[in-house]
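What follows is the content of my_file23.txt (compact mmCIF, C-alpha atoms).
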```
# COMPACT_ATOMS: atom_id res chain seq x y z
CA MET U 10 -72.26 -44.16 17.99
CA ARG U 11 -69.07 -44.26 20.05
CA LYS U 12 -69.01 -40.46 20.22
CA PHE U 13 -72.62 -40.42 21.41
CA LEU U 14 -71.94 -43.03 24.11
CA VAL U 15 -68.86 -41.23 25.43
CA ILE U 16 -70.73 -37.93 25.65
CA PHE U 17 -73.79 -39.60 27.22
CA TRP U 18 -71.72 -41.32 29.91
CA THR U 19 -69.77 -38.10 30.46
CA ILE U 20 -73.02 -36.27 31.30
CA ILE U 21 -74.08 -39.08 33.66
CA ALA U 22 -70.64 -39.01 35.25
CA PHE U 23 -70.94 -35.23 35.82
CA ILE U 24 -74.08 -35.72 37.85
CA VAL U 25 -72.53 -38.62 39.78
CA ILE U 26 -69.41 -36.59 40.59
CA VAL U 27 -71.45 -33.57 41.72
CA ALA U 28 -73.51 -35.92 43.90
CA VAL U 29 -70.28 -37.41 45.32
CA GLN U 30 -68.93 -33.92 45.97
CA LYS U 31 -72.07 -32.87 47.84
CA ASN U 32 -72.92 -36.08 49.68
CA VAL U 33 -69.55 -37.65 50.41
CA LEU U 34 -66.70 -35.16 50.22
CA GLU U 35 -68.57 -32.36 51.96
CA GLN U 36 -69.48 -34.75 54.79
CA ILE U 37 -65.85 -35.69 55.52
CA PRO U 38 -64.08 -32.36 55.92
CA LEU U 39 -60.48 -32.20 57.03
CA PHE U 40 -60.21 -29.73 59.94
CA GLY U 41 -63.50 -28.27 58.74
CA ILE U 42 -62.36 -27.79 55.12
CA CYS U 43 -63.95 -29.65 52.20
CA PRO U 44 -62.06 -30.66 49.04
CA ASN U 45 -63.19 -29.96 45.50
CA ILE U 46 -62.95 -32.96 43.20
CA GLY U 47 -63.95 -30.74 40.27
CA THR U 48 -60.53 -29.07 40.12
CA VAL U 49 -58.83 -32.48 39.97
CA LEU U 50 -61.23 -33.70 37.30
CA VAL U 51 -61.06 -30.67 35.02
CA CYS U 52 -57.26 -30.42 35.31
CA ALA U 53 -56.82 -34.12 34.48
CA ILE U 54 -59.12 -33.92 31.46
CA ALA U 55 -57.55 -30.70 30.18
CA ILE U 56 -53.98 -31.99 30.51
CA ILE U 57 -54.77 -35.05 28.40
CA SER U 58 -57.20 -33.53 25.91
CA GLY U 59 -56.05 -29.98 25.37
CA THR U 60 -57.57 -26.51 25.57
CA GLN U 61 -60.81 -26.90 23.72
CA VAL U 62 -61.99 -30.16 25.25
CA GLY U 63 -60.75 -28.96 28.66
CA GLY U 64 -62.60 -25.67 28.27
CA VAL U 65 -65.87 -27.28 27.18
CA PHE U 66 -65.58 -29.90 29.90
CA GLY U 67 -64.89 -27.25 32.54
CA PHE U 68 -67.78 -25.15 31.23
CA PHE U 69 -70.32 -27.95 31.54
CA TYR U 70 -69.01 -29.21 34.87
CA GLY U 71 -69.16 -25.69 36.31
CA PHE U 72 -72.65 -25.28 34.87
CA ILE U 73 -73.91 -28.43 36.60
CA MET U 74 -72.27 -27.24 39.84
CA ASP U 75 -74.00 -23.84 39.55
CA ILE U 76 -77.39 -25.44 39.00
CA SER U 77 -77.00 -27.88 41.88
CA TYR U 78 -75.86 -25.19 44.33
CA GLY U 79 -78.57 -22.83 43.11
CA ARG U 80 -77.00 -19.54 44.09
CA THR U 81 -75.48 -17.33 41.39
CA LEU U 82 -75.41 -18.99 37.98
CA GLY U 83 -72.18 -18.52 36.14
CA ILE U 84 -69.48 -18.28 38.78
CA ASN U 85 -68.44 -21.93 38.86
CA THR U 86 -69.01 -22.07 35.09
CA LEU U 87 -66.54 -19.25 34.59
CA ILE U 88 -63.96 -20.57 37.03
CA PHE U 89 -63.92 -24.13 35.70
CA LEU U 90 -63.93 -22.88 32.11
CA LEU U 91 -60.79 -20.87 32.90
CA ILE U 92 -59.19 -23.81 34.71
CA GLY U 93 -59.91 -26.06 31.74
CA ILE U 94 -58.54 -23.60 29.20
CA VAL U 95 -55.39 -22.69 31.13
CA SER U 96 -54.60 -26.30 32.05
CA GLY U 97 -55.11 -27.25 28.41
CA LEU U 98 -52.84 -24.43 27.17
CA LEU U 99 -49.97 -25.78 29.19
CA ASN U 100 -50.54 -29.42 28.23
CA ASN U 101 -47.93 -29.34 25.46
CA LYS U 102 -45.29 -27.98 27.76
CA MET U 103 -45.56 -30.59 30.49
CA SER U 104 -45.49 -34.37 30.53
CA LYS U 105 -48.94 -35.95 30.35
CA ASP U 106 -47.75 -39.19 31.90
CA SER U 107 -46.29 -37.63 34.99
CA LYS U 108 -48.44 -37.36 38.10
CA ILE U 109 -46.38 -34.33 39.11
CA SER U 110 -47.89 -32.35 36.20
CA LEU U 111 -51.37 -33.06 37.48
CA GLU U 112 -50.39 -32.22 41.06
CA VAL U 113 -48.95 -28.86 39.95
CA PHE U 114 -52.08 -28.01 37.97
CA VAL U 115 -54.34 -29.05 40.85
CA LEU U 116 -52.37 -26.87 43.27
CA ALA U 117 -52.57 -23.84 41.00
CA SER U 118 -56.24 -24.45 40.15
CA THR U 119 -57.24 -24.75 43.81
CA ILE U 120 -55.63 -21.39 44.55
CA VAL U 121 -57.34 -19.79 41.55
CA LEU U 122 -60.72 -21.30 42.47
CA GLU U 123 -60.65 -20.11 46.08
CA VAL U 124 -59.19 -16.68 45.35
CA VAL U 125 -61.80 -15.97 42.64
CA THR U 126 -64.60 -17.26 44.91
CA ALA U 127 -63.33 -15.12 47.79
CA GLY U 128 -63.16 -12.09 45.50
CA PHE U 129 -66.71 -12.70 44.33
CA MET U 130 -68.01 -13.18 47.88
CA THR U 131 -66.29 -10.00 49.08
CA LEU U 132 -67.44 -7.94 46.11
CA PHE U 133 -71.07 -9.02 45.89
CA TYR U 134 -71.92 -10.22 49.41
CA ASP U 135 -69.60 -8.14 51.61
CA VAL U 136 -68.33 -11.28 53.33
CA ASP U 137 -65.54 -10.74 55.87
CA ILE U 138 -62.75 -13.21 55.21
CA PRO U 139 -60.06 -13.43 57.90
CA PHE U 140 -56.74 -13.69 56.08
CA LEU U 141 -55.20 -16.35 58.32
CA TYR U 142 -58.31 -18.54 58.15
CA PHE U 143 -58.38 -18.13 54.35
CA ALA U 144 -54.72 -19.09 54.02
CA ARG U 145 -55.31 -22.11 56.25
CA MET U 146 -58.36 -23.07 54.22
CA ILE U 147 -56.45 -22.96 50.93
CA LEU U 148 -53.54 -24.95 52.36
CA ILE U 149 -55.74 -27.73 53.73
CA GLU U 150 -57.82 -27.83 50.56
CA ILE U 151 -54.68 -28.11 48.42
CA LEU U 152 -53.48 -31.07 50.48
CA TYR U 153 -56.88 -32.76 50.30
CA ASN U 154 -57.17 -32.14 46.52
CA LEU U 155 -53.65 -33.48 45.96
CA PHE U 156 -54.64 -36.61 47.84
CA LEU U 157 -57.73 -36.99 45.64
CA SER U 158 -55.67 -36.43 42.48
CA PHE U 159 -53.36 -39.23 43.56
CA VAL U 160 -56.32 -41.56 44.17
CA PHE U 161 -58.26 -40.74 41.00
CA TYR U 162 -55.35 -40.11 38.64
CA ARG U 163 -55.79 -43.20 36.49
CA THR U 164 -59.58 -42.96 36.27
CA PHE U 165 -59.63 -39.33 35.21
CA THR U 166 -56.76 -39.62 32.74
CA ALA U 167 -58.42 -42.66 31.13
CA TRP U 168 -61.58 -40.59 30.80
CA GLY U 169 -59.54 -37.80 29.20
CA GLU U 170 -58.08 -40.24 26.72
CA GLN U 171 -61.56 -41.38 25.70
CA LEU U 172 -62.57 -37.77 25.10
CA ASN U 173 -59.35 -37.22 23.18
CA LYS U 174 -60.16 -40.10 20.85
CA ILE U 175 -63.53 -38.68 19.88
CA LYS U 176 -62.19 -35.11 19.68
CA LYS U 177 -61.43 -35.24 15.99
CA SER U 178 -64.98 -36.30 15.15
CA TYR U 179 -66.48 -33.71 17.48
CA TYR U 180 -66.41 -31.10 14.71
CA VAL U 181 -67.67 -28.14 16.71
CA LEU U 182 -64.38 -27.99 18.55
CA ASN U 183 -62.13 -27.86 15.46
CA MET A 20 -67.76 -15.31 0.05
CA LYS A 21 -66.52 -18.11 2.25
CA ILE A 22 -67.13 -17.43 5.86
CA ASN A 23 -64.00 -18.13 7.87
CA LYS A 24 -64.71 -20.94 10.36
CA LYS A 25 -62.21 -19.53 12.85
CA ILE A 26 -64.10 -16.26 12.99
CA ILE A 27 -67.38 -18.11 13.58
CA TYR A 28 -65.87 -20.12 16.44
CA ARG A 29 -64.41 -16.96 17.94
CA ILE A 30 -67.82 -15.30 17.79
CA ILE A 31 -69.38 -18.37 19.44
CA LYS A 32 -66.80 -18.25 22.23
CA ILE A 33 -67.40 -14.53 22.80
CA LEU A 34 -71.17 -15.15 22.86
CA PHE A 35 -70.68 -17.89 25.49
CA ALA A 36 -68.58 -15.53 27.61
CA ILE A 37 -71.27 -12.83 27.35
CA LEU A 38 -73.91 -15.42 28.24
CA ILE A 39 -72.01 -16.36 31.42
CA PHE A 40 -71.79 -12.72 32.54
CA VAL A 41 -75.47 -12.16 31.76
CA ALA A 42 -76.34 -15.25 33.83
CA ILE A 43 -74.24 -13.96 36.74
CA SER A 44 -75.86 -10.51 36.65
CA LEU A 45 -79.38 -11.93 36.37
CA THR A 46 -79.05 -14.47 39.18
CA ASN A 47 -76.61 -12.83 41.62
CA GLY A 48 -78.22 -12.13 44.99
CA LYS A 49 -81.70 -12.85 43.66
CA ASN A 50 -83.90 -15.33 45.48
CA ARG A 51 -85.99 -17.01 42.81
CA LYS A 52 -87.99 -19.94 41.60
CA VAL A 53 -85.59 -22.01 39.52
CA THR A 54 -86.23 -23.01 35.90
CA LEU A 55 -87.62 -26.42 34.92
CA PHE A 56 -84.20 -27.68 33.82
CA GLU A 57 -82.56 -26.62 37.08
CA GLY A 58 -85.41 -28.23 38.99
CA ILE A 59 -84.91 -31.54 37.20
CA VAL A 60 -81.14 -31.55 37.81
CA ASN A 61 -81.68 -30.65 41.49
CA ASP A 62 -84.29 -33.39 41.89
CA ILE A 63 -81.89 -35.97 40.45
CA ILE A 64 -79.06 -34.88 42.75
CA LEU A 65 -81.49 -34.73 45.72
CA VAL A 66 -82.06 -38.51 45.67
CA PRO A 67 -78.56 -39.52 46.90
CA GLN A 68 -78.47 -36.40 49.04
CA LYS A 69 -81.54 -37.54 51.03
CA ILE A 70 -79.91 -40.91 51.68
CA ALA A 71 -76.61 -39.36 52.73
CA HIS A 72 -78.36 -36.83 54.98
CA THR A 73 -80.44 -39.51 56.75
CA PHE A 74 -77.29 -41.55 57.32
CA ASN A 75 -75.41 -38.53 58.69
CA LEU A 76 -78.27 -37.65 61.06
CA LYS A 77 -78.29 -41.19 62.44
CA ILE A 78 -74.54 -41.02 63.07
CA ALA A 79 -74.86 -37.60 64.72
CA LYS A 80 -77.56 -38.93 67.06
CA ASN A 81 -75.84 -42.20 67.93
CA ASP A 82 -72.24 -41.13 68.42
CA GLU A 83 -72.62 -41.23 72.18
CA ALA A 84 -74.66 -44.45 72.30
CA PHE A 85 -71.75 -46.71 73.17
CA GLU A 86 -70.79 -45.15 76.51
CA ILE A 87 -73.24 -46.81 78.92
CA GLU A 88 -71.93 -45.39 82.20
CA LYS A 89 -71.93 -41.93 80.76
CA LEU A 90 -75.50 -42.51 79.65
CA LYS A 91 -76.61 -43.54 83.15
CA ASP A 92 -75.19 -40.33 84.63
CA GLU A 93 -76.82 -38.37 81.87
CA ILE A 94 -80.20 -39.98 82.64
CA LYS A 95 -79.91 -38.96 86.30
CA GLU A 96 -79.03 -35.40 85.31
CA LEU A 97 -81.89 -35.25 82.83
CA LYS A 98 -84.41 -36.44 85.44
CA ASN A 99 -83.33 -33.65 87.79
CA GLU A 100 -83.44 -31.14 84.98
CA ASN A 101 -86.89 -32.37 84.03
CA ARG A 102 -88.15 -31.76 87.55
CA ASN A 103 -86.77 -28.21 87.54
CA LEU A 104 -88.07 -27.49 84.06
CA SER A 105 -91.58 -28.66 84.96
CA GLN A 106 -91.60 -26.15 87.79
CA GLU A 107 -90.27 -23.46 85.49
CA LEU A 108 -92.92 -24.32 82.92
CA THR A 109 -95.66 -23.80 85.47
CA ASN A 110 -94.23 -20.37 86.25
CA ILE A 111 -93.91 -19.55 82.57
CA GLU A 112 -97.51 -20.53 81.87
CA ALA A 113 -98.64 -18.14 84.56
CA THR A 114 -96.47 -15.35 83.13
CA LYS A 115 -97.75 -16.14 79.63
CA SER A 116 -101.39 -15.69 80.66
CA GLU A 117 -100.53 -12.41 82.34
CA ASN A 118 -98.64 -11.31 79.21
CA LEU A 119 -101.59 -12.10 76.97
CA GLU A 120 -103.87 -10.06 79.14
CA LEU A 121 -101.44 -7.13 79.08
CA LYS A 122 -101.10 -7.40 75.29
CA LYS A 123 -104.85 -7.20 74.94
CA VAL A 124 -104.84 -4.14 77.10
CA LEU A 125 -102.10 -2.46 75.03
CA ASN A 126 -103.62 -3.72 71.74
CA VAL A 127 -100.35 -5.36 70.60
CA LYS A 128 -101.01 -8.25 68.23
CA SER A 129 -99.11 -11.46 68.83
CA TYR A 130 -97.13 -12.07 65.69
CA TYR A 131 -96.81 -15.76 66.09
CA ASP A 132 -100.52 -16.45 66.58
CA ASP A 133 -101.36 -14.88 63.22
CA LYS A 134 -98.66 -16.58 61.19
CA ASP A 135 -99.37 -19.24 58.63
CA VAL A 136 -96.61 -21.83 58.56
CA ILE A 137 -95.79 -24.79 56.38
CA VAL A 138 -93.96 -27.56 58.23
CA CYS A 139 -91.24 -29.26 56.19
CA ASP A 140 -88.62 -31.96 56.64
CA ILE A 141 -84.95 -31.27 56.08
CA VAL A 142 -83.78 -33.69 53.40
CA GLY A 143 -80.30 -32.40 52.69
CA ALA A 144 -77.58 -30.06 53.82
CA GLU A 145 -74.90 -28.23 51.83
CA ILE A 146 -72.31 -27.08 54.30
CA ASN A 147 -68.99 -26.54 52.56
CA ASN A 148 -66.17 -23.99 52.64
CA TRP A 149 -68.44 -21.05 51.79
CA ASP A 150 -72.09 -22.11 52.06
CA ALA A 151 -74.39 -23.29 54.83
CA LEU A 152 -77.63 -24.29 53.13
CA LEU A 153 -80.41 -26.70 54.03
CA ILE A 154 -82.80 -28.37 51.61
CA ILE A 155 -86.44 -29.02 52.43
CA ASN A 156 -88.87 -31.45 50.83
CA LYS A 157 -91.51 -28.88 49.86
CA GLY A 158 -91.43 -26.34 47.06
CA PHE A 159 -93.41 -23.94 44.94
CA LYS A 160 -96.35 -26.35 44.54
CA ASP A 161 -96.78 -26.46 48.34
CA GLY A 162 -96.83 -22.69 48.77
CA ILE A 163 -93.14 -22.09 49.49
CA ARG A 164 -91.91 -18.80 48.07
CA PRO A 165 -88.45 -17.19 47.90
CA ASN A 166 -87.55 -14.90 50.84
CA ALA A 167 -89.92 -16.70 53.24
CA PRO A 168 -88.42 -16.89 56.76
CA VAL A 169 -87.80 -20.33 58.27
CA ILE A 170 -87.95 -21.13 61.98
CA THR A 171 -88.06 -24.02 64.41
CA LYS A 172 -89.44 -24.03 67.94
CA GLU A 173 -85.89 -23.31 69.16
CA GLY A 174 -85.42 -20.23 67.01
CA LEU A 175 -84.40 -18.76 63.68
CA VAL A 176 -83.08 -21.00 60.91
CA GLY A 177 -82.84 -18.72 57.86
CA TYR A 178 -84.82 -17.84 54.73
CA ILE A 179 -85.77 -19.50 51.46
CA THR A 180 -83.40 -18.59 48.62
CA THR A 181 -84.42 -20.71 45.64
CA CYS A 182 -87.27 -23.12 45.16
CA SER A 183 -88.30 -25.59 42.54
CA ASP A 184 -91.69 -27.25 42.35
CA ASN A 185 -90.76 -30.00 44.83
CA SER A 186 -87.96 -28.67 46.99
CA ALA A 187 -86.43 -25.47 48.26
CA LYS A 188 -83.13 -24.27 49.67
CA ILE A 189 -82.71 -22.38 52.90
CA VAL A 190 -79.85 -19.95 53.46
CA THR A 191 -79.20 -20.49 57.15
CA ILE A 192 -78.04 -17.75 59.49
CA LEU A 193 -74.66 -19.55 59.59
CA ASP A 194 -74.07 -18.87 55.89
CA SER A 195 -71.31 -16.36 55.18
CA THR A 196 -73.68 -14.22 53.09
CA SER A 197 -76.35 -14.02 55.80
CA THR A 198 -76.75 -10.57 57.38
CA PHE A 199 -79.80 -9.35 59.28
CA SER A 200 -80.88 -6.93 61.98
CA ALA A 201 -81.38 -8.16 65.54
CA ARG A 202 -81.60 -6.83 69.06
CA ALA A 203 -80.63 -7.84 72.57
CA THR A 204 -83.74 -9.27 74.22
CA GLU A 205 -83.28 -7.46 77.55
CA THR A 206 -81.60 -4.17 76.67
CA ARG A 207 -83.19 -3.76 73.19
CA GLU A 208 -80.22 -2.24 71.32
CA GLU A 209 -80.13 -2.98 67.63
CA VAL A 210 -77.20 -4.91 66.24
CA ILE A 211 -76.35 -6.72 63.02
CA VAL A 212 -75.91 -10.50 62.95
CA LYS A 213 -73.59 -11.87 60.28
CA GLY A 214 -72.62 -15.39 59.35
CA ASP A 215 -68.89 -16.11 59.40
CA ILE A 216 -66.94 -18.72 57.46
CA ALA A 217 -64.68 -19.44 60.41
CA LEU A 218 -67.58 -19.92 62.86
CA LYS A 219 -70.25 -21.73 60.84
CA ASN A 220 -68.96 -25.21 61.66
CA TYR A 221 -69.48 -24.47 65.37
CA ASN A 222 -73.10 -23.22 65.14
CA ARG A 223 -71.97 -19.66 65.83
CA VAL A 224 -72.55 -16.26 64.25
CA LYS A 225 -71.08 -12.82 64.81
CA LEU A 226 -72.67 -9.66 66.18
CA THR A 227 -71.40 -6.47 64.57
CA GLN A 228 -72.26 -2.77 64.62
CA ILE A 229 -72.71 -2.92 68.39
CA PRO A 230 -73.55 0.58 69.69
CA ILE A 231 -70.63 2.39 71.33
CA GLY A 232 -70.52 1.88 75.08
CA VAL A 233 -72.56 -1.32 74.99
CA THR A 234 -71.04 -4.60 76.14
CA TYR A 235 -72.63 -8.01 76.25
CA GLY A 236 -72.03 -10.69 78.82
CA SER A 237 -72.11 -14.43 78.36
CA GLY A 238 -75.70 -15.65 78.21
CA ASP A 239 -77.31 -12.47 76.86
CA LEU A 240 -80.11 -13.40 74.50
CA ILE A 241 -80.41 -12.08 70.95
CA GLU A 242 -83.62 -12.02 68.90
CA THR A 243 -84.68 -10.66 65.52
CA SER A 244 -85.72 -7.01 65.41
CA GLY A 245 -88.16 -7.18 62.50
CA ILE A 246 -86.23 -4.55 60.54
CA GLY A 247 -85.23 -5.53 57.03
CA GLY A 248 -88.43 -7.08 55.79
CA ILE A 249 -87.56 -10.76 55.85
CA TYR A 250 -87.62 -11.92 59.47
CA PRO A 251 -90.48 -10.99 61.79
CA LYS A 252 -89.46 -9.63 65.17
CA GLY A 253 -89.07 -11.58 68.34
CA ILE A 254 -87.60 -14.82 66.98
CA SER A 255 -84.75 -16.19 69.07
CA VAL A 256 -81.35 -16.07 67.35
CA GLY A 257 -79.10 -17.33 70.13
CA LYS A 258 -77.10 -16.35 73.19
CA VAL A 259 -73.85 -14.44 73.47
CA ILE A 260 -70.84 -16.53 74.46
CA SER A 261 -68.06 -13.97 74.19
CA PHE A 262 -67.53 -10.27 73.62
CA GLU A 263 -64.46 -9.05 71.73
CA LYS A 264 -63.22 -5.49 71.81
CA GLY A 265 -61.98 -4.14 68.51
CA ILE A 266 -59.20 -1.65 67.79
CA ASN A 267 -61.79 1.07 68.12
CA PRO A 268 -65.23 0.95 69.81
CA LEU A 269 -66.98 0.75 66.43
CA GLU A 270 -65.31 -2.58 65.73
CA ASN A 271 -66.48 -4.40 68.86
CA THR A 272 -68.00 -7.77 68.05
CA ALA A 273 -69.62 -10.61 69.94
CA ILE A 274 -69.91 -14.30 69.18
CA VAL A 275 -73.38 -15.78 69.46
CA GLU A 276 -74.19 -19.47 69.74
CA THR A 277 -77.35 -20.13 67.76
CA SER A 278 -80.51 -21.43 69.47
CA VAL A 279 -80.94 -23.95 66.70
CA ASP A 280 -78.54 -26.91 66.52
CA PHE A 281 -77.97 -27.04 62.77
CA ASP A 282 -76.26 -30.43 62.97
CA ARG A 283 -79.43 -32.06 64.28
CA VAL A 284 -82.33 -30.04 62.88
CA GLU A 285 -84.89 -32.31 61.20
CA MET A 286 -88.05 -30.26 60.78
CA VAL A 287 -88.61 -26.58 60.15
CA ALA A 288 -91.57 -24.25 59.68
CA VAL A 289 -91.68 -21.84 56.76
CA ILE A 290 -93.66 -18.69 57.53
CA THR A 291 -95.82 -17.74 54.58
CA ASN A 292 -97.63 -14.56 55.62
CA VAL A 293 -94.92 -12.33 57.11
CA GLY A 294 -96.26 -9.27 55.32
CA ASP A 295 -99.84 -9.80 56.51
CA LYS A 296 -99.33 -8.60 60.05
CA GLU A 297 -102.69 -6.80 60.45
```
Kindly present the structure from the file in structure tokens form.
Amino acid sequence: MRKFLVIFWTIIAFIVIVAVQKNVLEQIPLFGICPNIGTVLVCAIAIISGTQVGGVFGFFYGFIMDISYGRTLGINTLIFLLIGIVSGLLNNKMSKDSKISLEVFVLASTIVLEVVTAGFMTLFYDVDIPFLYFARMILIEILYNLFLSFVFYRTFTAWGEQLNKIKKSYYVLN
Amino acid sequence: MKINKKIIYRIIKILFAILIFVAISLTNGKNRKVTLFEGIVNDIILVPQKIAHTFNLKIAKNDEAFEIEKLKDEIKELKNENRNLSQELTNIEATKSENLELKKVLNVKSYYDDKDVIVCDIVGAEINNWDALLIINKGFKDGIRPNAPVITKEGLVGYITTCSDNSAKIVTILDSTSTFSARATETREEVIVKGDIALKNYNRVKLTQIPIGVTYGSGDLIETSGIGGIYPKGISVGKVISFEKGINPLENTAIVETSVDFDRVEMVAVITNVGDKE
């Protein structure tokens, strides 16, 4: 029952966080740049819970993002899956209690997210991306995401711990 | 023989990876009606989005409401402008009648008179680092179809990219993936209008592939050319605000301020019979 409740509330929380991303965070840009709370969330969960939970979590979060944005299905799924897996792979090598670990992962994940998105946009849509603007965008987004990771650190790590507790009974992942 | 669980999980992971790439290839660049599941998720997320969008529109309209003296001056200016515009309107009406008569003589059909439109409200906006999309409150059930052009009385807004039964998304001309053919209203050269990620927050787009030897001055009007199959011709795109010379003449560009104010647009018209021009 506990496992079912955690998963149920996780799905509800996904939709709430996507709604917050679209309706709140995208309405308060910093110098025209919006943050991405998904990178903070997936990194925090993956650091606490490991590769498999991080990967599955990133997969489903990216999937919900793809559906809600309605353009190409699969891009956000792929990116967040990779962020979840890579963040989870390094979770044994860095301290889970330290905020610095999360900040480092968020920084790296933001760069990966934007570079992969830029590559996709250039390859499939022939979008011109001025280098200086792109560098500025990544820098501002990193700062904004780091701020969000500082604010939501406890909430997301507590969520990760709940998922960690039910991990052993979630037999598909073992 | 015992099947190794690790191998099964590896196969499952590979299948998931293949599924993601299949999804990307099937949906990339394709304007479509979304599946039932996607429609349900979008409808759930649309509820808070409508509230947030209404709130943002109110703030955008009222941000100048507290400066009373400024408002009084503005009222005076607007009254003068109104007087001038009324005179201009009278002149335009006369020109319009003459134009209609000439069109009859030349047997040129007026595209706008024959268009069927569906008027919709804007209920949400998705303007982030890469996208500039608007969401309308009508969908497949109301006759909205993917690739339908969207306009307002000021000018071109964009086209429908995906639609569910109850809502649809518009890729605006500000979006970084938006590219379409246009022409200068007076001189009639064909150019390409592209959205730009650095300009979309300022209601501006970029003109590219400007013919060699052509320059544009501030205030030159740009309209759609009708080439490309999505937008009918003659719809106002915007006016040029600056012309930038490139390293070579082929790389000259111009910045165009859009006719439509995307921060304040509330209602749009979706054209449903673009192909039925005769």
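As for CA of Leu111 in chain U and CA of Gly93 in chain U, they are spaced 12.4 Å apart.
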Per residue of range 59-108 of chain U within 12 Å of range 117-137 of chain U, what are the shortest atom pair and its distance in Å to one decimal, counting only C-alpha atoms, with rows by chain and residue number, as CSV?
```
residue,atom,partner,partner_atom,distance
U:Gly67,CA,U:Ser118,CA,11.9
U:Gly71,CA,U:Leu122,CA,11.3
U:Arg80,CA,U:Met130,CA,11.6
U:Thr81,CA,U:Phe129,CA,10.3
U:Gly83,CA,U:Phe129,CA,11.4
U:Ile84,CA,U:Thr126,CA,7.9
U:Asn85,CA,U:Leu122,CA,8.5
U:Thr86,CA,U:Leu122,CA,11.1
U:Leu87,CA,U:Val125,CA,9.9
U:Ile88,CA,U:Leu122,CA,6.4
U:Phe89,CA,U:Leu122,CA,8.0
U:Leu90,CA,U:Leu122,CA,11.0
U:Leu91,CA,U:Ser118,CA,9.3
U:Ile92,CA,U:Ser118,CA,6.2
U:Gly93,CA,U:Ser118,CA,9.3
U:Ile94,CA,U:Ser118,CA,11.2
U:Val95,CA,U:Ser118,CA,9.2
U:Ser96,CA,U:Ser118,CA,8.5
```
Query raised in the report: By how many Å are CA of Ile21 in chain U and CA of Cys182 in chain A apart?
Result: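 About the pair CA of Ile21 in chain U and CA of Cys182 in chain A: they are 23.7 Å apart.
All chain A residues having an atom within 6 Å of chain U, based on all atoms listed in the file, amount to Ile39, Ala42, Ile43, Thr46, Asn47, Glu57, Asn61, Ile64, Gln68, Ala71, Asn147, Asn148 and Thr196 of chain A.
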Restricting the output to C-alpha atoms, write the selected residues as a PDB file, keeping the file's coordinate frame.
```
ATOM      1  CA  ILE A  39     -72.010 -16.360  31.420  1.00  0.00           C
ATOM      2  CA  ALA A  42     -76.340 -15.250  33.830  1.00  0.00           C
ATOM      3  CA  ILE A  43     -74.240 -13.960  36.740  1.00  0.00           C
ATOM      4  CA  THR A  46     -79.050 -14.470  39.180  1.00  0.00           C
ATOM      5  CA  ASN A  47     -76.610 -12.830  41.620  1.00  0.00           C
ATOM      6  CA  GLU A  57     -82.560 -26.620  37.080  1.00  0.00           C
ATOM      7  CA  ASN A  61     -81.680 -30.650  41.490  1.00  0.00           C
ATOM      8  CA  ILE A  64     -79.060 -34.880  42.750  1.00  0.00           C
ATOM      9  CA  GLN A  68     -78.470 -36.400  49.040  1.00  0.00           C
ATOM     10  CA  ALA A  71     -76.610 -39.360  52.730  1.00  0.00           C
ATOM     11  CA  ASN A 147     -68.990 -26.540  52.560  1.00  0.00           C
ATOM     12  CA  ASN A 148     -66.170 -23.990  52.640  1.00  0.00           C
ATOM     13  CA  THR A 196     -73.680 -14.220  53.090  1.00  0.00           C
TER      14      THR A 196
END
```
Show me, as a Markdown table, the residues of range 139-243 of chain A having an atom within 9 Å of range 258-270 of chain A, each with the closest atom pair and its distance in Å, using only C-alpha atoms.
```
| residue | atom | partner | partner_atom | distance |
| --- | --- | --- | --- | --- |
| A:Leu226 | CA | A:Val259 | CA | 8.8 |
| A:Thr227 | CA | A:Glu270 | CA | 7.3 |
| A:Gln228 | CA | A:Leu269 | CA | 6.6 |
| A:Ile229 | CA | A:Leu269 | CA | 7.1 |
| A:Pro230 | CA | A:Leu269 | CA | 7.3 |
| A:Ile231 | CA | A:Pro268 | CA | 5.8 |
| A:Gly232 | CA | A:Pro268 | CA | 7.5 |
| A:Thr234 | CA | A:Phe262 | CA | 7.1 |
| A:Tyr235 | CA | A:Phe262 | CA | 6.2 |
| A:Gly236 | CA | A:Val259 | CA | 6.8 |
| A:Ser237 | CA | A:Ile260 | CA | 4.6 |
| A:Gly238 | CA | A:Val259 | CA | 5.2 |
| A:Asp239 | CA | A:Val259 | CA | 5.2 |
| A:Leu240 | CA | A:Lys258 | CA | 4.4 |
| A:Ile241 | CA | A:Lys258 | CA | 5.8 |
| A:Glu242 | CA | A:Lys258 | CA | 8.9 |
```
Selected residues written out, C-alpha atoms, as a CSV table (one decimal), keeping the file's coordinate frame:
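Contents of part-v9.csv, as written:
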```
chain,number,residue,atom,x,y,z
A,226,LEU,CA,-72.7,-9.7,66.2
A,227,THR,CA,-71.4,-6.5,64.6
A,228,GLN,CA,-72.3,-2.8,64.6
A,229,ILE,CA,-72.7,-2.9,68.4
A,230,PRO,CA,-73.6,0.6,69.7
A,231,ILE,CA,-70.6,2.4,71.3
A,232,GLY,CA,-70.5,1.9,75.1
A,234,THR,CA,-71.0,-4.6,76.1
A,235,TYR,CA,-72.6,-8.0,76.2
A,236,GLY,CA,-72.0,-10.7,78.8
A,237,SER,CA,-72.1,-14.4,78.4
A,238,GLY,CA,-75.7,-15.6,78.2
A,239,ASP,CA,-77.3,-12.5,76.9
A,240,LEU,CA,-80.1,-13.4,74.5
A,241,ILE,CA,-80.4,-12.1,71.0
A,242,GLU,CA,-83.6,-12.0,68.9
```
